[in-house]
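Here the structure comes first, spelled out in structure tokens, and everything after it is commentary.
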Amino acid sequence: MSDNKIKRLKNTAKIEFIEKKSVFIGFSTFVENEEQALAIIKQKKKEYSDATHNVYAYVIGDNIARYSDDNEPQGTAGMPVLNSIRMSGLTDVLVVVTRYFGGILLGAGGLVRAYSTCASMALEAGGVSVYENYIELKINCSYSDYGKLNTELSSFGAIIDKTDFGQEVCIDFAIREDILNAFNSKITDLFAGRIVPNNKGKRIDTK
């Protein structure tokens with residue numbers, strides 16, 4: 001998978017499994033930011049206030065990764081959940097694993113396996129959507145250049161958002177971020193600098 005691709009959870013999911021009489025409930029969901037993640041964690045702790053533990057981990061963007069063992073032995077719960085997220089390659093995702101203790105100690109190794117399994121099951125149940133980074137652009141061109149430009153937009157896989165036909169043609173579109181430099185170079189060479197794409201910003205798209 002190229003660096004331009006982003007994997008996110010497709011659907012919110014909830015699973016349950018039992019390990020030596022302990023009930024584990026795995027919950028996974030997409031989150032846009034850390035504030036949303038913390039709000040959902042608070043909600044889950046309230047929903048399962050009678051549980052023995054509510055362990056969580058989340059990854060947002062490229063720089064934010066947090067976890068909590070919620071009083072399980074250090075390194076046996078939150079980190080395994082976080083590692084499951086990292087192994088999935090997903091980002092912008094929260095996993096909460098709730099445990100109801102069944103009376104049989106699992107030991108450190110057993111806890112790591114149980115929390116890892118529960119998190120992985122919750123992530124798998126949610127499915128995956130693949131997105132790509134796009135740059136939004138605007139181009140103004142003459143009617144005589146429009147046909148050739150439109151061909152280039154198609155060859156570069158541009159997403160056309162809007163085309164206005166006035167005194168000249170105005171096109172709003174998006175190009176994958178990883179091919180933007182190649183696109184700009186081609187347009188500059190092809191039209192001898194007559195057409196200059198104007199950068200409007202970034203977005204994520206599923207195309």
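Each chain in the structure tokens gets a letter, A, B, ..., in the order shown, and its residues are numbered from 1; ligands are numbered from 1 in order too.
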### Contact residues around Glu16 of chain A with only C-alpha atoms at 12 Å, ignoring same-chain residues under 4 positions, as a list in words
Ser22, Val23, Phe24, Ile25, Gly26, Phe27, Ser28, Val96, Val97, Thr98, Arg99, Tyr100, Ala114, Tyr115, Thr117, Cys118, Ala119, Ser120, Met121, Ala122 and Ala125 of chain A
### Message
So that I can see what lies close to Asn133 of chain A, please list as number ranges by chain the residues with an atom at most 8 Å from it, counting only C-alpha atoms and leaving out residues fewer than 5 positions away in the same chain.
### Response
A: 4-6, 176-178, 202-205
### Message
Using Å and a single decimal, report how far atom CA of Pro80 of chain A sits from atom CA of Thr12 of chain A.
### Response
20.0 Å
### Message
Would you compute the distance between atom CA of Ala57 of chain A and atom CA of Leu82 of chain A? Give it in Å to one decimal.
### Response
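These atoms are spaced 5.2 Å apart.
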### Message
I'd like the contact shell of Asp145 of chain A - 12 Å cut-off, only C-alpha atoms, skipping same-chain residues fewer than 3 positions apart - returned as a ChimeraX atom specification.
### Response
/A:139-142,148-152,168-170,187,190-192,194-195
### Secondary structure check, strand (DSSP E) residues of segment 4-206 of chain A, as a count of residues only
79
### Task
Would you please give, as number ranges by chain, all residues of segment 21-193 of chain A that DSSP assigns to alpha helix (DSSP H) based on the backbone?
A: 34-47, 78-88, 107-126, 143-155, 180-190
### Task
Write out as a VMD selection string the residues lying within 8 Å of Thr206 of chain A, counting only C-alpha atoms and excluding same-chain residues fewer than 2 positions away.
chain A and resid 129 to 132 204
